[in-house]
>>> print(open('target-v7.cif').read())   # mmCIF, C-alpha atoms
data_protein
#
loop_
_atom_site.label_atom_id
_atom_site.label_comp_id
_atom_site.auth_asym_id
_atom_site.auth_seq_id
_atom_site.Cartn_x
_atom_site.Cartn_y
_atom_site.Cartn_z
CA MET A 1 0.00 0.00 0.00
CA GLU A 2 1.28 3.46 -0.89
CA LEU A 3 0.93 5.45 2.34
CA GLY A 4 1.02 8.90 0.76
CA ILE A 5 3.79 10.32 2.95
CA LYS A 6 6.65 10.52 0.46
CA GLY A 7 8.46 13.81 1.01
CA ARG A 8 6.70 14.50 4.31
CA ARG A 9 9.06 15.70 7.06
CA ALA A 10 9.05 13.40 10.06
CA LEU A 11 10.70 13.87 13.45
CA VAL A 12 11.08 10.67 15.45
CA CYS A 13 12.25 11.29 18.99
CA ALA A 14 14.58 8.98 20.92
CA SER A 15 15.18 7.01 17.75
CA SER A 16 18.78 5.83 17.86
CA LYS A 17 17.60 2.34 18.81
CA GLY A 18 14.61 0.27 19.86
CA LEU A 19 11.06 1.14 18.93
CA GLY A 20 11.93 4.70 17.97
CA TYR A 21 14.49 3.40 15.48
CA ALA A 22 11.92 0.97 14.08
CA CYS A 23 9.48 3.82 13.49
CA ALA A 24 12.15 5.94 11.82
CA LEU A 25 13.07 3.06 9.51
CA ALA A 26 9.47 2.37 8.51
CA LEU A 27 8.84 6.05 7.75
CA ALA A 28 12.07 6.40 5.78
CA ARG A 29 11.21 3.34 3.70
CA GLU A 30 7.88 4.99 2.87
CA GLY A 31 9.76 7.97 1.47
CA ALA A 32 9.46 10.40 4.38
CA ASP A 33 12.30 12.83 5.09
CA VAL A 34 13.21 11.55 8.53
CA ILE A 35 14.91 13.39 11.38
CA ILE A 36 16.17 11.18 14.21
CA ASN A 37 17.03 12.28 17.72
CA GLY A 38 19.02 11.00 20.66
CA ARG A 39 21.19 12.13 23.54
CA THR A 40 24.48 10.57 22.44
CA GLU A 41 26.06 11.75 19.19
CA GLU A 42 28.09 8.60 18.56
CA THR A 43 25.07 6.29 18.92
CA LEU A 44 22.90 8.62 16.86
CA LEU A 45 25.36 8.76 13.97
CA VAL A 46 25.56 4.96 13.90
CA ALA A 47 21.75 4.85 13.69
CA LYS A 48 21.77 7.46 10.92
CA ALA A 49 24.19 5.37 8.83
CA GLN A 50 22.16 2.20 9.39
CA LEU A 51 18.90 3.91 8.46
CA GLU A 52 20.34 5.42 5.31
CA LYS A 53 21.74 2.06 4.21
CA ALA A 54 18.47 0.24 4.91
CA SER A 55 16.13 2.82 3.37
CA GLY A 56 18.19 4.47 0.66
CA ARG A 57 17.08 7.84 2.03
CA THR A 58 19.06 10.70 3.54
CA VAL A 59 18.40 10.92 7.28
CA THR A 60 19.08 13.95 9.49
CA ALA A 61 20.38 13.42 13.03
CA ILE A 62 19.93 16.01 15.80
CA VAL A 63 21.43 15.45 19.25
CA ALA A 64 19.20 16.64 22.10
CA ASP A 65 18.15 15.56 25.57
CA LEU A 66 14.37 16.00 25.42
CA GLY A 67 14.18 16.64 29.14
CA ASP A 68 16.41 19.71 28.81
CA LYS A 69 14.44 22.78 27.70
CA ALA A 70 17.34 24.50 25.96
CA ALA A 71 18.26 21.33 24.06
CA ARG A 72 14.62 20.76 23.15
CA ASP A 73 14.25 24.31 21.86
CA ASP A 74 17.37 23.81 19.76
CA LEU A 75 15.89 20.61 18.32
CA ILE A 76 12.69 22.45 17.42
CA ALA A 77 14.62 25.23 15.70
CA LYS A 78 16.81 22.85 13.71
CA ALA A 79 13.95 20.54 12.71
CA GLY A 80 11.99 23.27 10.92
CA GLU A 81 8.52 22.47 9.62
CA ILE A 82 7.35 19.00 10.62
CA ASP A 83 4.42 17.03 9.17
CA ILE A 84 4.85 13.87 11.24
CA LEU A 85 5.86 13.85 14.90
CA VAL A 86 6.59 10.64 16.76
CA ASN A 87 7.06 11.35 20.45
CA ASN A 88 9.19 8.90 22.39
CA ASN A 89 11.47 9.02 25.41
CA GLY A 90 12.96 6.69 27.97
CA GLY A 91 11.03 6.34 31.20
CA PRO A 92 12.00 6.31 34.89
CA PRO A 93 13.04 2.98 36.41
CA PRO A 94 10.64 0.86 38.48
CA GLY A 95 10.50 1.42 42.20
CA HIS A 96 8.29 1.78 45.26
CA PHE A 97 5.77 4.51 46.01
CA GLN A 98 7.29 5.40 49.39
CA SER A 99 10.69 5.97 47.80
CA TRP A 100 9.38 8.52 45.28
CA ASP A 101 9.61 12.06 46.63
CA GLU A 102 8.38 15.23 44.95
CA GLU A 103 11.55 15.49 42.89
CA ALA A 104 11.04 11.97 41.51
CA TRP A 105 7.48 12.76 40.41
CA ALA A 106 8.57 16.04 38.82
CA SER A 107 11.39 14.27 36.99
CA ALA A 108 8.98 11.66 35.59
CA VAL A 109 6.64 14.34 34.28
CA ASN A 110 9.60 16.15 32.74
CA MET A 111 10.62 12.96 30.93
CA ASN A 112 7.35 11.45 29.79
CA MET A 113 4.83 14.28 29.57
CA ILE A 114 6.26 17.79 29.18
CA PRO A 115 8.68 17.15 26.25
CA ALA A 116 5.97 15.59 24.08
CA LEU A 117 3.49 18.37 24.83
CA MET A 118 6.04 21.09 24.08
CA LEU A 119 6.99 19.48 20.77
CA ILE A 120 3.33 19.20 19.83
CA ARG A 121 2.83 22.83 20.81
CA ALA A 122 5.73 23.87 18.58
CA PHE A 123 4.77 21.93 15.45
CA LEU A 124 0.98 21.87 15.65
CA PRO A 125 0.30 25.34 14.16
CA GLY A 126 2.26 24.48 11.02
CA MET A 127 0.45 21.18 10.66
CA GLN A 128 -2.90 22.93 10.93
CA ALA A 129 -1.92 25.59 8.42
CA ARG A 130 -0.77 22.96 5.89
CA LYS A 131 -3.85 20.79 6.57
CA PHE A 132 -1.78 17.71 7.28
CA GLY A 133 -0.37 16.45 10.55
CA ARG A 134 0.24 13.10 12.16
CA ILE A 135 1.22 12.92 15.81
CA VAL A 136 2.00 9.57 17.41
CA ASN A 137 2.96 9.21 21.06
CA ILE A 138 4.81 6.05 22.07
CA THR A 139 3.63 5.47 25.63
CA SER A 140 3.19 2.12 27.38
CA ALA A 141 0.74 -0.74 27.82
CA MET A 142 0.60 0.34 31.45
CA VAL A 143 -1.43 3.39 30.51
CA LYS A 144 -4.32 0.89 30.41
CA THR A 145 -2.98 -1.62 32.95
CA PRO A 146 -1.07 0.29 35.63
CA LYS A 147 1.37 -1.64 37.80
CA ALA A 148 2.65 -0.28 41.11
CA PRO A 149 6.40 -0.56 40.39
CA MET A 150 5.95 1.52 37.22
CA GLY A 151 3.86 4.21 38.88
CA LEU A 152 6.10 7.11 37.86
CA SER A 153 6.05 6.22 34.19
CA THR A 154 2.38 5.26 34.17
CA ALA A 155 1.23 8.51 35.75
CA ALA A 156 3.23 10.77 33.44
CA ARG A 157 2.29 8.88 30.27
CA THR A 158 -1.37 8.79 31.25
CA GLY A 159 -1.28 12.55 31.77
CA LEU A 160 0.12 12.96 28.26
CA THR A 161 -2.62 10.69 26.90
CA ALA A 162 -5.36 12.75 28.55
CA ALA A 163 -3.94 16.07 27.37
CA CYS A 164 -3.71 14.82 23.79
CA LYS A 165 -7.16 13.27 23.83
CA ALA A 166 -8.55 16.67 24.80
CA MET A 167 -6.87 18.26 21.75
CA VAL A 168 -8.23 15.80 19.19
CA PRO A 169 -11.58 17.51 18.50
CA VAL A 170 -9.84 20.87 18.21
CA VAL A 171 -7.47 19.82 15.42
CA ALA A 172 -9.39 17.07 13.59
CA ALA A 173 -10.93 19.43 11.02
CA ASP A 174 -7.41 20.48 9.98
CA ASN A 175 -6.51 16.88 9.05
CA VAL A 176 -4.27 16.55 12.09
CA THR A 177 -4.49 13.28 14.02
CA ILE A 178 -3.13 12.41 17.46
CA ASN A 179 -2.81 8.78 18.51
CA SER A 180 -0.85 6.73 21.02
CA MET A 181 0.90 3.39 20.65
CA LEU A 182 1.01 1.22 23.77
CA PRO A 183 3.78 -1.38 23.44
CA GLU A 184 4.55 -4.34 25.65
CA ARG A 185 7.16 -7.11 25.32
CA PHE A 186 8.86 -6.08 22.10
CA ASP A 187 12.23 -7.65 21.45
CA THR A 188 14.41 -4.67 22.30
CA ASP A 189 17.40 -4.07 24.57
CA ARG A 190 14.99 -3.51 27.46
CA GLN A 191 13.67 -7.07 27.22
CA LYS A 192 17.21 -8.41 27.10
CA MET A 193 17.98 -6.39 30.25
CA ILE A 194 14.96 -7.87 32.02
CA ALA A 195 16.01 -11.39 30.98
CA ASN A 196 19.51 -10.79 32.35
CA LEU A 197 18.02 -9.62 35.65
CA MET A 198 16.02 -12.85 35.83
CA VAL A 199 19.21 -14.82 35.19
CA GLN A 200 20.80 -13.19 38.23
CA MET A 201 17.74 -13.44 40.47
CA LYS A 202 16.60 -16.97 39.58
CA GLY A 203 19.84 -18.66 38.60
CA ILE A 204 18.48 -19.73 35.23
CA THR A 205 19.94 -19.42 31.76
CA PHE A 206 19.32 -16.46 29.47
CA GLU A 207 17.33 -18.70 27.11
CA GLU A 208 15.18 -19.96 29.99
CA ALA A 209 14.51 -16.41 31.12
CA ARG A 210 13.48 -15.39 27.60
CA ALA A 211 11.17 -18.39 27.33
CA GLU A 212 9.57 -17.55 30.68
CA ILE A 213 8.87 -13.98 29.60
CA ALA A 214 7.50 -15.09 26.23
CA GLY A 215 5.20 -17.47 28.07
CA THR A 216 3.43 -14.52 29.67
CA ILE A 217 2.46 -13.16 26.23
CA ALA A 218 -0.72 -14.44 24.62
CA ALA A 219 1.07 -14.81 21.27
CA LYS A 220 3.85 -16.77 23.04
CA ARG A 221 6.55 -14.69 21.40
CA PHE A 222 8.14 -11.28 21.63
CA GLY A 223 6.96 -8.54 19.34
CA ASP A 224 9.19 -7.69 16.40
CA PRO A 225 10.14 -3.97 16.44
CA ALA A 226 9.51 -3.94 12.67
CA GLU A 227 5.86 -4.77 13.38
CA PHE A 228 5.69 -1.76 15.66
CA GLY A 229 7.37 0.50 13.10
CA ASP A 230 4.98 -0.53 10.34
CA ALA A 231 1.97 0.15 12.57
CA CYS A 232 3.39 3.58 13.32
CA ALA A 233 3.88 4.28 9.61
CA TYR A 234 0.24 3.44 8.92
CA LEU A 235 -0.98 5.79 11.67
CA CYS A 236 1.11 8.48 9.97
CA SER A 237 -0.29 7.74 6.52
CA ALA A 238 -2.65 9.76 4.37
CA GLN A 239 -5.16 6.90 4.70
CA ALA A 240 -5.27 7.20 8.51
CA GLY A 241 -6.85 10.64 8.54
CA PHE A 242 -10.06 9.34 10.15
CA ILE A 243 -8.23 7.63 13.02
CA SER A 244 -7.56 9.96 15.93
CA GLY A 245 -7.64 9.96 19.70
CA GLN A 246 -6.95 6.23 19.82
CA GLN A 247 -4.73 4.18 22.11
CA LEU A 248 -3.41 1.29 20.02
CA GLN A 249 -2.46 -1.71 22.15
CA LEU A 250 0.49 -3.68 20.71
CA ASP A 251 1.02 -6.61 23.04
CA GLY A 252 0.36 -9.83 21.14
CA GLY A 253 -3.20 -10.05 22.46
CA THR A 254 -2.21 -10.05 26.13
CA TYR A 255 -4.44 -7.20 27.31
CA GLU A 256 -7.56 -8.66 28.88
CA GLY A 257 -9.75 -5.58 28.92
CA LEU A 258 -12.51 -4.74 26.46
CA ILE A 259 -11.74 -1.03 26.03
#
>>> encode(input="target-v7.cif", output="C-alpha cells")
Amino acid sequence: MELGIKGRRALVCASSKGLGYACALALAREGADVIINGRTEETLLVAKAQLEKASGRTVTAIVADLGDKAARDDLIAKAGEIDILVNNNGGPPPGHFQSWDEEAWASAVNMNMIPALMLIRAFLPGMQARKFGRIVNITSAMVKTPKAPMGLSTAARTGLTAACKAMVPVVAADNVTINSMLPERFDTDRQKMIANLMVQMKGITFEEARAEIAGTIAAKRFGDPAEFGDACAYLCSAQAGFISGQQLQLDGGTYEGLI
C-alpha cells in the first residue's frame, strides 16, 4: 500500500535504537524525510548510517536531551517544519511509592509528559496551516494496565494521553491526528535487560529467562520492532486521517480488557 507520505518531514524522537528506530526506519522506507534524535552523538550517527543504508534515504540526526528545555528548543529550531511527529522518550526505572519524593514525580513528568506536549505545541500550528499532521505518542501498555512498580512512568504517560485526547476535536478538522501506541514485550534491549536480571535473580539461563517472559504473552513470542514500526507508519499515513484519539495496544493479544 502506498501510504502517501513521500516527502513529508518526520521527526522521530529517541530514535537511535529500539522502537523509535523501528518507526524511523518504517517512515524512511515509505519515502518520508526523517529526522532522528538521541542524547548521544556517537550512537545517533551509527543509527543514521544504518537507516540510510536500509532505506536508501538521507536521514538527518539532531542530538538533544528531550528533558532539557534549551536542548529541546534547539531541536525544534533545527527541525523546521514537521508534518509527522513521533514522540518517544525513555522512562523512569521501576521502584516503590514510598521511595518517590516530589523530585522523583517532577522528573517523571519532565521525561514522559512535558517534552511531548512542548513538541506538539511547537509543530501543531504548522500542521494545521498545511492541513496535514500526524502525531503519534509512544507510551506504554501500562497506561491501560497500571502496575505499582511503574507508577512514575504510568502517571506521566497517562497525563500525556489525557492532554492529547482533549486536543483531538480541536485539530481534527485540519486533518491533524493524534494517537498513542502502547507497546509491551517487544524484542528490544529492554527485554534483554529484564532477561539478564532474571538470570541473576533466579539462577536460570538467558534462554530460559526469555522463554519464561515469552510465556506470559498471549502470542507466546516477543513482538518484532519492525511490526511496531509498520503500525506507526500506517498511523502516519494519508489513509489514517479518520483515526484519531486512539490508544493502540500492541502486546500480542495479552491485554484482557474490552476497552
>>> resolve_selection(input="target-v7.cif", expression="the PyMOL selection byres ((chain A and resi 111) around 12)", output="JSON, numbers by chain")
{"A": [14, 65, 66, 67, 68, 69, 72, 87, 88, 89, 90, 91, 92, 93, 104, 105, 106, 107, 108, 109, 110, 112, 113, 114, 115, 116, 117, 118, 139, 152, 153, 154, 155, 156, 157, 159, 160]}
>>> axis_aligned_box(input="target-v7.cif", around="region 227-230 of chain A", padding_each_side="3 Å", output="lines of an AutoDock Vina configuration file")
center_x = 6.2
center_y = -2.1
center_z = 13.0
size_x = 8.4
size_y = 11.3
size_z = 11.3
>>> residues_around(input="target-v7.cif", residues="Arg57 (chain A)", least_positions_apart="3", cutoff="8 Å", atoms="all atoms listed in the file", output="ChimeraX atom specification")
/A:28-29,31,33,51-53
>>> residues_around(input="target-v7.cif", residues="Asp174 (chain A)", least_positions_apart="5", cutoff="9 Å", atoms="only C-alpha atoms", output="PyMOL selection string")
chain A and resi 127-133
>>> atom_distance(input="target-v7.cif", atom1="CA of Ile35 (chain A)", atom2="CA of Arg121 (chain A)")
18.0 Å
>>> closest_residue(input="target-v7.cif", among="A:Thr216, A:Leu197, A:Ile36, A:Gln247", to="Thr158 (chain A)", atoms="only C-alpha atoms")
A:Gln247
>>> residues_around(input="target-v7.cif", residues="Ile204 (chain A)", least_positions_apart="6", cutoff="10 Å", atoms="only C-alpha atoms", output="MDAnalysis selection string")
chainID A and resid 195:196 198
>>> residues_around(input="target-v7.cif", residues="Asp251 (chain A)", least_positions_apart="3", cutoff="12 Å", atoms="all atoms listed in the file", output="PyMOL selection string")
chain A and resi 140-142+144-145+181-187+214+216-225+227-228+248+254-256
>>> residues_around(input="target-v7.cif", residues="Cys164 (chain A)", least_positions_apart="4", cutoff="8 Å", atoms="only C-alpha atoms", output="PyMOL selection string")
chain A and resi 160+168+178+245
>>> closest_residue(input="target-v7.cif", among="A:Ser180, A:Ser16, A:Thr161, A:Gln98", to="Leu250 (chain A)", atoms="only C-alpha atoms")
A:Ser180
>>> closest_residue(input="target-v7.cif", among="A:Leu3, A:Ile76, A:Ala163, A:Ala233", to="Leu119 (chain A)", atoms="all atoms listed in the file")
A:Ile76
>>> decode(input="target-v7.cif", residues="region 32-78 of chain A", atoms="N, CA and C atoms", output="PDB file, in the first residue's frame")
ATOM      1  N   ALA A  32       9.465   9.190   3.559  1.00  0.00           N
ATOM      2  CA  ALA A  32       9.459  10.405   4.376  1.00  0.00           C
ATOM      3  C   ALA A  32      10.878  10.917   4.569  1.00  0.00           C
ATOM      4  N   ASP A  33      11.012  12.221   4.748  1.00  0.00           N
ATOM      5  CA  ASP A  33      12.298  12.835   5.088  1.00  0.00           C
ATOM      6  C   ASP A  33      12.425  12.805   6.608  1.00  0.00           C
ATOM      7  N   VAL A  34      13.203  11.867   7.106  1.00  0.00           N
ATOM      8  CA  VAL A  34      13.211  11.555   8.528  1.00  0.00           C
ATOM      9  C   VAL A  34      14.325  12.276   9.270  1.00  0.00           C
ATOM     10  N   ILE A  35      13.962  12.815  10.431  1.00  0.00           N
ATOM     11  CA  ILE A  35      14.914  13.390  11.379  1.00  0.00           C
ATOM     12  C   ILE A  35      14.909  12.496  12.609  1.00  0.00           C
ATOM     13  N   ILE A  36      16.077  11.997  13.005  1.00  0.00           N
ATOM     14  CA  ILE A  36      16.168  11.181  14.211  1.00  0.00           C
ATOM     15  C   ILE A  36      16.797  11.995  15.334  1.00  0.00           C
ATOM     16  N   ASN A  37      16.584  11.536  16.538  1.00  0.00           N
ATOM     17  CA  ASN A  37      17.030  12.276  17.716  1.00  0.00           C
ATOM     18  C   ASN A  37      17.516  11.312  18.788  1.00  0.00           C
ATOM     19  N   GLY A  38      18.529  11.753  19.525  1.00  0.00           N
ATOM     20  CA  GLY A  38      19.020  10.996  20.657  1.00  0.00           C
ATOM     21  C   GLY A  38      19.935  11.862  21.495  1.00  0.00           C
ATOM     22  N   ARG A  39      20.354  11.344  22.635  1.00  0.00           N
ATOM     23  CA  ARG A  39      21.192  12.131  23.544  1.00  0.00           C
ATOM     24  C   ARG A  39      22.682  11.971  23.273  1.00  0.00           C
ATOM     25  N   THR A  40      23.069  10.864  22.644  1.00  0.00           N
ATOM     26  CA  THR A  40      24.484  10.569  22.443  1.00  0.00           C
ATOM     27  C   THR A  40      24.824  10.632  20.963  1.00  0.00           C
ATOM     28  N   GLU A  41      25.745  11.521  20.599  1.00  0.00           N
ATOM     29  CA  GLU A  41      26.055  11.747  19.190  1.00  0.00           C
ATOM     30  C   GLU A  41      26.587  10.484  18.517  1.00  0.00           C
ATOM     31  N   GLU A  42      27.482   9.784  19.171  1.00  0.00           N
ATOM     32  CA  GLU A  42      28.089   8.596  18.560  1.00  0.00           C
ATOM     33  C   GLU A  42      27.021   7.563  18.208  1.00  0.00           C
ATOM     34  N   THR A  43      26.131   7.273  19.157  1.00  0.00           N
ATOM     35  CA  THR A  43      25.069   6.293  18.923  1.00  0.00           C
ATOM     36  C   THR A  43      24.123   6.760  17.831  1.00  0.00           C
ATOM     37  N   LEU A  44      23.828   8.056  17.832  1.00  0.00           N
ATOM     38  CA  LEU A  44      22.897   8.618  16.859  1.00  0.00           C
ATOM     39  C   LEU A  44      23.462   8.542  15.448  1.00  0.00           C
ATOM     40  N   LEU A  45      24.753   8.803  15.304  1.00  0.00           N
ATOM     41  CA  LEU A  45      25.364   8.756  13.972  1.00  0.00           C
ATOM     42  C   LEU A  45      25.431   7.327  13.430  1.00  0.00           C
ATOM     43  N   VAL A  46      25.613   6.360  14.324  1.00  0.00           N
ATOM     44  CA  VAL A  46      25.560   4.960  13.901  1.00  0.00           C
ATOM     45  C   VAL A  46      24.158   4.629  13.379  1.00  0.00           C
ATOM     46  N   ALA A  47      23.144   5.082  14.109  1.00  0.00           N
ATOM     47  CA  ALA A  47      21.754   4.849  13.685  1.00  0.00           C
ATOM     48  C   ALA A  47      21.472   5.522  12.352  1.00  0.00           C
ATOM     49  N   LYS A  48      21.965   6.725  12.185  1.00  0.00           N
ATOM     50  CA  LYS A  48      21.774   7.457  10.920  1.00  0.00           C
ATOM     51  C   LYS A  48      22.340   6.658   9.746  1.00  0.00           C
ATOM     52  N   ALA A  49      23.550   6.143   9.903  1.00  0.00           N
ATOM     53  CA  ALA A  49      24.185   5.373   8.833  1.00  0.00           C
ATOM     54  C   ALA A  49      23.398   4.099   8.531  1.00  0.00           C
ATOM     55  N   GLN A  50      22.937   3.433   9.573  1.00  0.00           N
ATOM     56  CA  GLN A  50      22.163   2.201   9.386  1.00  0.00           C
ATOM     57  C   GLN A  50      20.843   2.483   8.679  1.00  0.00           C
ATOM     58  N   LEU A  51      20.175   3.552   9.074  1.00  0.00           N
ATOM     59  CA  LEU A  51      18.897   3.911   8.462  1.00  0.00           C
ATOM     60  C   LEU A  51      19.065   4.268   6.993  1.00  0.00           C
ATOM     61  N   GLU A  52      20.106   5.018   6.692  1.00  0.00           N
ATOM     62  CA  GLU A  52      20.341   5.416   5.308  1.00  0.00           C
ATOM     63  C   GLU A  52      20.648   4.206   4.433  1.00  0.00           C
ATOM     64  N   LYS A  53      21.406   3.269   4.965  1.00  0.00           N
ATOM     65  CA  LYS A  53      21.739   2.060   4.209  1.00  0.00           C
ATOM     66  C   LYS A  53      20.497   1.211   3.970  1.00  0.00           C
ATOM     67  N   ALA A  54      19.649   1.102   5.003  1.00  0.00           N
ATOM     68  CA  ALA A  54      18.466   0.238   4.911  1.00  0.00           C
ATOM     69  C   ALA A  54      17.357   0.838   4.068  1.00  0.00           C
ATOM     70  N   SER A  55      17.258   2.165   4.043  1.00  0.00           N
ATOM     71  CA  SER A  55      16.134   2.819   3.367  1.00  0.00           C
ATOM     72  C   SER A  55      16.494   3.469   2.042  1.00  0.00           C
ATOM     73  N   GLY A  56      17.787   3.751   1.853  1.00  0.00           N
ATOM     74  CA  GLY A  56      18.193   4.471   0.659  1.00  0.00           C
ATOM     75  C   GLY A  56      17.841   5.940   0.693  1.00  0.00           C
ATOM     76  N   ARG A  57      17.468   6.440   1.870  1.00  0.00           N
ATOM     77  CA  ARG A  57      17.078   7.837   2.033  1.00  0.00           C
ATOM     78  C   ARG A  57      18.114   8.572   2.877  1.00  0.00           C
ATOM     79  N   THR A  58      18.213   9.882   2.687  1.00  0.00           N
ATOM     80  CA  THR A  58      19.061  10.704   3.540  1.00  0.00           C
ATOM     81  C   THR A  58      18.323  10.976   4.845  1.00  0.00           C
ATOM     82  N   VAL A  59      18.990  10.747   5.950  1.00  0.00           N
ATOM     83  CA  VAL A  59      18.399  10.923   7.280  1.00  0.00           C
ATOM     84  C   VAL A  59      19.175  12.004   8.021  1.00  0.00           C
ATOM     85  N   THR A  60      18.467  12.888   8.690  1.00  0.00           N
ATOM     86  CA  THR A  60      19.082  13.949   9.486  1.00  0.00           C
ATOM     87  C   THR A  60      19.125  13.525  10.948  1.00  0.00           C
ATOM     88  N   ALA A  61      20.235  13.772  11.619  1.00  0.00           N
ATOM     89  CA  ALA A  61      20.379  13.424  13.033  1.00  0.00           C
ATOM     90  C   ALA A  61      20.602  14.689  13.855  1.00  0.00           C
ATOM     91  N   ILE A  62      19.810  14.851  14.914  1.00  0.00           N
ATOM     92  CA  ILE A  62      19.934  16.010  15.801  1.00  0.00           C
ATOM     93  C   ILE A  62      20.062  15.518  17.240  1.00  0.00           C
ATOM     94  N   VAL A  63      21.179  15.848  17.862  1.00  0.00           N
ATOM     95  CA  VAL A  63      21.427  15.451  19.248  1.00  0.00           C
ATOM     96  C   VAL A  63      20.679  16.394  20.189  1.00  0.00           C
ATOM     97  N   ALA A  64      19.904  15.824  21.108  1.00  0.00           N
ATOM     98  CA  ALA A  64      19.199  16.639  22.100  1.00  0.00           C
ATOM     99  C   ALA A  64      18.651  15.748  23.198  1.00  0.00           C
ATOM    100  N   ASP A  65      18.801  16.187  24.424  1.00  0.00           N
ATOM    101  CA  ASP A  65      18.151  15.560  25.573  1.00  0.00           C
ATOM    102  C   ASP A  65      16.773  16.199  25.698  1.00  0.00           C
ATOM    103  N   LEU A  66      15.724  15.434  25.458  1.00  0.00           N
ATOM    104  CA  LEU A  66      14.374  15.998  25.419  1.00  0.00           C
ATOM    105  C   LEU A  66      13.931  16.570  26.753  1.00  0.00           C
ATOM    106  N   GLY A  67      14.540  16.121  27.826  1.00  0.00           N
ATOM    107  CA  GLY A  67      14.177  16.641  29.140  1.00  0.00           C
ATOM    108  C   GLY A  67      14.818  17.974  29.464  1.00  0.00           C
ATOM    109  N   ASP A  68      15.727  18.434  28.606  1.00  0.00           N
ATOM    110  CA  ASP A  68      16.406  19.713  28.807  1.00  0.00           C
ATOM    111  C   ASP A  68      15.772  20.762  27.902  1.00  0.00           C
ATOM    112  N   LYS A  69      15.203  21.800  28.482  1.00  0.00           N
ATOM    113  CA  LYS A  69      14.440  22.775  27.700  1.00  0.00           C
ATOM    114  C   LYS A  69      15.281  23.438  26.611  1.00  0.00           C
ATOM    115  N   ALA A  70      16.494  23.836  26.945  1.00  0.00           N
ATOM    116  CA  ALA A  70      17.341  24.504  25.957  1.00  0.00           C
ATOM    117  C   ALA A  70      17.654  23.565  24.794  1.00  0.00           C
ATOM    118  N   ALA A  71      17.960  22.306  25.108  1.00  0.00           N
ATOM    119  CA  ALA A  71      18.257  21.331  24.057  1.00  0.00           C
ATOM    120  C   ALA A  71      17.024  21.062  23.219  1.00  0.00           C
ATOM    121  N   ARG A  72      15.879  21.005  23.873  1.00  0.00           N
ATOM    122  CA  ARG A  72      14.621  20.759  23.152  1.00  0.00           C
ATOM    123  C   ARG A  72      14.300  21.922  22.225  1.00  0.00           C
ATOM    124  N   ASP A  73      14.496  23.132  22.697  1.00  0.00           N
ATOM    125  CA  ASP A  73      14.250  24.312  21.862  1.00  0.00           C
ATOM    126  C   ASP A  73      15.187  24.328  20.656  1.00  0.00           C
ATOM    127  N   ASP A  74      16.416  23.888  20.860  1.00  0.00           N
ATOM    128  CA  ASP A  74      17.372  23.806  19.757  1.00  0.00           C
ATOM    129  C   ASP A  74      16.923  22.771  18.729  1.00  0.00           C
ATOM    130  N   LEU A  75      16.416  21.643  19.210  1.00  0.00           N
ATOM    131  CA  LEU A  75      15.887  20.611  18.324  1.00  0.00           C
ATOM    132  C   LEU A  75      14.734  21.154  17.486  1.00  0.00           C
ATOM    133  N   ILE A  76      13.835  21.877  18.117  1.00  0.00           N
ATOM    134  CA  ILE A  76      12.685  22.453  17.417  1.00  0.00           C
ATOM    135  C   ILE A  76      13.146  23.414  16.328  1.00  0.00           C
ATOM    136  N   ALA A  77      14.112  24.249  16.660  1.00  0.00           N
ATOM    137  CA  ALA A  77      14.615  25.233  15.697  1.00  0.00           C
ATOM    138  C   ALA A  77      15.295  24.559  14.510  1.00  0.00           C
ATOM    139  N   LYS A  78      16.087  23.531  14.775  1.00  0.00           N
ATOM    140  CA  LYS A  78      16.814  22.845  13.709  1.00  0.00           C
ATOM    141  C   LYS A  78      15.896  21.978  12.851  1.00  0.00           C
TER     142      LYS A  78
END
